[in-house]
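Have a look at the structure below, then the notes.
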Amino acid sequence: MDFKQEVVTALAAVLTDEVSEADIAKLVETPKSSAMGDYAFPTFTLAKIRHMAPPMIAKDLVEKIDATPFQEVKAVGGYVNFFLDKVSYAHSVLTTIAEQQDKYGDLTLGKGNVPIDMSSPNIAKPMSMGHLRSTVIGNALANIMTKVGYSPIKINHLGDWGTQFGKLIVAYKLWGSEEEVKAEPIKHLLEYYVRFHKEAETKPELDEEARAWFKKMEDGDEEAKHLWSWFREASLAEFNRIYKMLDVDFDSYNGEAFYNDKMDAVVQTLQDKGLLKESQGAEIVDLSKYDLNPALIRKSDGATLYMTRDLAAAIYRHDHYDFVKSLYVVGGEQREHFQQLKAVLLEMGYDWANEITHVPFGLITANGKKLSTRKGNIILLEKVLNDAITLAKQQIAAKHPDLENADQVAREVGVGAVIFHDLKNERLDNFDFNLEEVVRFEGETGPYVQYTNARAHSILTKATAQPLPEVALTDPAAWDVLKALGDYPNIIKRAADTYEPSVIAKYALRLAKAFNQYYATTKVLTDDAELPARLALVQATSDVLTNALALLGVHAPAEM
Ligand code: ARG
């Protein structure tokens with residue numbers, strides 16, 4: 001049942017010629033406090049039309065509105081406040097959730113394939129906090145897109161091609177050892193790479209050699225290809241350890257190298273359409289009419305670039321997946337790159353480029369400082385996750401010393417805490433990373449939501465659910481829980497429309513808080529007429545919290 005629609009309908013019946021139903025729907029608000037009603041209609045817009053004072057209009061509307069579906073309709077200042085009928089609201093929300101279970105909140109906002117470019121770390125370098133953000137935001141968006149009807153395709157566009165691999169090969173051949181790379185690939189490959197940069201400062205011939213090796217790679221030289229694929233596999237094995245801990249998988253690992261044999265066609269098309277210009281020996285596409293810097297397509301030595309590979313990838317995804325939307329979850333610092341990508345595709349005559357959306361996100365800092373691989377200010381992801389698990393384990397041992405599967409639960413809580421902390425922040429906000437804060441069981445954390453769900457579970461194990469009679473839940477704290485539960489479908493829609501998982505994380509915190517307030521003031525397991533309704537409320541809370549966490553990619557252990 002759509003309760004907002006009831007309010008809109010009641011208003012529309014008395015405002016026929018003045019405000020359209022669609023505009024009424026836009027004006028109806030949800031007051032901050034339930035004391036001000038469940039929905040409110042501000043009369044200020046109408047005041048301008050009628051040339052009357054808003055409170056007068058509010059009084060006039062209250063007299064005319066048919067209040068039968070509501071508990072009360074009241075004029076307060078310039079607002080008409082609607083109080084829903086609590087018995088029918090409670091019954092409707094609780095039976096809907098009981099019937100639909102994890103399908104509650106499913107919507108059909110659209111259909112069709114939606115490739116999501118996500119994670120996409122660079123081979124031979126540690127996965128950064130930025131890649132963690134891309135991984136968990138992308139994964140949550142994939143879950144949300146599924147919930148609203150689309151078919152997401154999770155693509156890990158690995159950074160596995162480019163001039164840096166020429167440098168890496170030179171460095172490996174000069175200073176590397178097979179044993180080292182086998183033992184700890186990323187650590188040592190990074191060492192060689194850093195050393196290369198240091199030595200190249202005084203020995204420019206190293207850069208020459210590196211260019212030559214990358215050229216060999218692009219031309220398919222056996223030795224170059226062999227080294228490259230070894231570095232790639234070894235790095236990927238390390239990344240996969242982290243993905244496994246995060247419980248994130250991909251539908252495709254087609255990275256930059258995959259497009260190596262697909263770029264000539266792109267360059268050819270650009271040429272045929274007269275879009276390619278020469279500038280200082282390199283080939284570019286001029287984008288001044290979009291107010292953008294030119295897009296670099298090919299260097300003077302013929303080497304292709306990040307942009308060239310992204311053009312080929314965009315076209316491939318369009319042809320291969322016939323997408324309805326194409327998302328790129330990549331840090332805000334690449335905003336211009338994606339503007340250029342779209343602009344070049346539009347210049348090529350591909351209208352579908354309008355369905356490409358860059359979903360940017362902010363930076364994670366440590367003690368207020370920007371993280372940088374080059375300056376050594378890095379946070380190693382695997383260590384963060386392991387530390388989070390250790391912290392979770394300590395807290396669980398204190399709270400619940402005899403818990404079975406304590407190790408498994410600690411993993412779900414520790415890793416879940418890191419994911420939740422990332423997702424509760426609005427995507428574009430920068431935030432500081434402090435592990436102790438992330439894994440706390442109180443406050444706005446993932447463990448707090450998980451703990452609330454476990455608490456609901458423990459109540460449910462002590463009782464058997466019964467058929468739901470039409471009774472009111474008299475406790476005012478129950479009303480806030482019910483309102484939050486009824487809001488879930490709107491929350492899903494808002495998160496999907498704005499590509500913003502934080503909407504769901506914030507909602508989970510709100511529902512958990514409302515439930516804890518309810519639990520603190522109400523004895524659920526008292527044998528009276530309201531017991532079945534209270535149990536249904538607890539069950540619904542647990543179902544919705546579990547579902548919301550699952551959308552974020554966070555597990556919800558039954559005990560912790
Ligand atoms: N590997 C890149 C980086 O770490 C991100 C790639 C993003 N995806 C893309 N299609 N450009 O910066």
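The chains in the structure tokens are called A, B, ... from first to last as shown; in each chain the residues are counted from 1, and the ligands are counted from 1 in the order shown.
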
Give me, as a tab-separated table, the closest atom pair and its distance (Å, one decimal) for every residue of region 94-210 of chain A within a cut-off of 7 Å of region 227-250 of chain A, counting only C-alpha atoms, rows sorted by chain and rising number.
```
residue	atom	partner	partner_atom	distance
A:Ile123	CA	A:Ser235	CA	5.8
A:Ala124	CA	A:Ser235	CA	5.8
A:Asn139	CA	A:Val248	CA	6.9
A:Lys154	CA	A:Phe250	CA	5.0
A:Ile155	CA	A:Phe250	CA	6.0
A:Asn156	CA	A:Phe250	CA	6.6
A:Asp160	CA	A:Arg232	CA	6.8
A:Pro185	CA	A:Ala234	CA	6.0
A:Ile186	CA	A:Ser235	CA	5.9
```

Please tabulate, as a Markdown table, the residues of chain A that come within 9 Å of ligand 1, each with its closest pair of atoms and the distance in Å to one decimal, counting only C-alpha atoms and all ligand atoms and ordering rows by chain, then residue number upward.
```
| residue | atom | partner | partner_atom_place_in_ligand_line | distance |
| --- | --- | --- | --- | --- |
| A:Asp117 | CA | ligand 1 | 8 (N) | 5.9 |
| A:Met118 | CA | ligand 1 | 8 (N) | 6.9 |
| A:Ser119 | CA | ligand 1 | 5 (C) | 7.4 |
| A:Ser120 | CA | ligand 1 | 1 (N) | 4.9 |
| A:Pro121 | CA | ligand 1 | 4 (O) | 4.8 |
| A:Asn122 | CA | ligand 1 | 1 (N) | 5.0 |
| A:Ile123 | CA | ligand 1 | 1 (N) | 8.4 |
| A:Met127 | CA | ligand 1 | 4 (O) | 8.5 |
| A:Ser128 | CA | ligand 1 | 4 (O) | 8.4 |
| A:Gly130 | CA | ligand 1 | 4 (O) | 8.0 |
| A:His131 | CA | ligand 1 | 4 (O) | 6.9 |
| A:Ser134 | CA | ligand 1 | 7 (C) | 8.9 |
| A:Asn156 | CA | ligand 1 | 8 (N) | 8.0 |
| A:His157 | CA | ligand 1 | 8 (N) | 5.5 |
| A:Leu158 | CA | ligand 1 | 1 (N) | 5.8 |
| A:Gly159 | CA | ligand 1 | 1 (N) | 4.2 |
| A:Asp160 | CA | ligand 1 | 1 (N) | 8.0 |
| A:Gly255 | CA | ligand 1 | 10 (N) | 8.2 |
| A:Glu256 | CA | ligand 1 | 10 (N) | 8.0 |
| A:Tyr306 | CA | ligand 1 | 11 (N) | 7.2 |
| A:Met307 | CA | ligand 1 | 11 (N) | 7.8 |
| A:Arg309 | CA | ligand 1 | 10 (N) | 8.2 |
| A:Asp310 | CA | ligand 1 | 10 (N) | 5.5 |
| A:Leu311 | CA | ligand 1 | 10 (N) | 8.9 |
| A:Ala313 | CA | ligand 1 | 10 (N) | 7.3 |
| A:Ala314 | CA | ligand 1 | 10 (N) | 8.1 |
| A:Tyr328 | CA | ligand 1 | 8 (N) | 6.4 |
| A:Val329 | CA | ligand 1 | 7 (C) | 7.3 |
| A:Val330 | CA | ligand 1 | 7 (C) | 5.5 |
| A:Gly331 | CA | ligand 1 | 12 (O) | 7.8 |
| A:Gln334 | CA | ligand 1 | 12 (O) | 7.8 |
| A:His337 | CA | ligand 1 | 11 (N) | 8.2 |
| A:Phe338 | CA | ligand 1 | 11 (N) | 7.9 |
```

Could the residues of region 47-101 of chain A that have an atom at most 10 Å from region 529-533 of chain A be listed as a Markdown table, each with its closest atom pair and the distance in Å to one decimal, counting only C-alpha atoms and ordered by chain and ascending residue number?
```
| residue | atom | partner | partner_atom | distance |
| --- | --- | --- | --- | --- |
| A:Ala90 | CA | A:Ala533 | CA | 8.5 |
| A:His91 | CA | A:Ala533 | CA | 8.3 |
| A:Leu94 | CA | A:Ala533 | CA | 8.2 |
| A:Thr95 | CA | A:Ala533 | CA | 10.0 |
```

Let me make sure I understand: among A:Ala477, A:Asp261, A:Val449, A:Lys299, which one has the smallest atom-to-atom distance to Glu278 (chain A) if we use only C-alpha atoms?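 Closest to Glu278 (chain A), using only C-alpha atoms: A:Lys299.
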
Any idea what's packed within 12 Å of Leu174 (chain A), counting only C-alpha atoms, ignoring anything in its chain fewer than 6 positions away? Could you give it as a list in words? Lys167, Leu168, Tyr192, Tyr193, Arg195, Phe196, Glu199, Leu206, Glu209 and Ala210 of chain A

Same residues, N, CA and C atoms, saved as an mmCIF file, in the first residue's frame:
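Final output, out14.cif:
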```cif
data_model
loop_
_atom_site.group_PDB
_atom_site.id
_atom_site.type_symbol
_atom_site.label_atom_id
_atom_site.label_comp_id
_atom_site.auth_asym_id
_atom_site.auth_seq_id
_atom_site.Cartn_x
_atom_site.Cartn_y
_atom_site.Cartn_z
ATOM 1 N N LYS A 167 58.899 -0.458 -18.471
ATOM 2 C CA LYS A 167 59.823 -0.112 -17.382
ATOM 3 C C LYS A 167 60.020 -1.306 -16.454
ATOM 4 N N LEU A 168 58.920 -1.968 -16.170
ATOM 5 C CA LEU A 168 58.984 -3.091 -15.249
ATOM 6 C C LEU A 168 59.854 -4.221 -15.803
ATOM 7 N N TYR A 192 61.184 -2.989 -7.798
ATOM 8 C CA TYR A 192 61.930 -2.825 -9.056
ATOM 9 C C TYR A 192 61.480 -1.547 -9.764
ATOM 10 N N TYR A 193 60.187 -1.331 -9.730
ATOM 11 C CA TYR A 193 59.602 -0.203 -10.437
ATOM 12 C C TYR A 193 60.081 1.118 -9.824
ATOM 13 N N ARG A 195 62.790 1.522 -8.089
ATOM 14 C CA ARG A 195 64.223 1.651 -8.386
ATOM 15 C C ARG A 195 64.446 2.158 -9.808
ATOM 16 N N PHE A 196 63.634 1.680 -10.718
ATOM 17 C CA PHE A 196 63.735 2.133 -12.100
ATOM 18 C C PHE A 196 63.629 3.659 -12.171
ATOM 19 N N GLU A 199 66.757 5.388 -10.758
ATOM 20 C CA GLU A 199 67.958 5.288 -11.592
ATOM 21 C C GLU A 199 67.783 6.015 -12.917
ATOM 22 N N LEU A 206 67.626 4.317 -19.825
ATOM 23 C CA LEU A 206 66.680 3.334 -19.279
ATOM 24 C C LEU A 206 65.282 3.564 -19.849
ATOM 25 N N GLU A 209 65.072 2.188 -23.290
ATOM 26 C CA GLU A 209 64.922 0.722 -23.275
ATOM 27 C C GLU A 209 63.495 0.322 -22.928
ATOM 28 N N ALA A 210 62.933 1.048 -21.965
ATOM 29 C CA ALA A 210 61.577 0.726 -21.525
ATOM 30 C C ALA A 210 60.586 0.914 -22.664
#
```
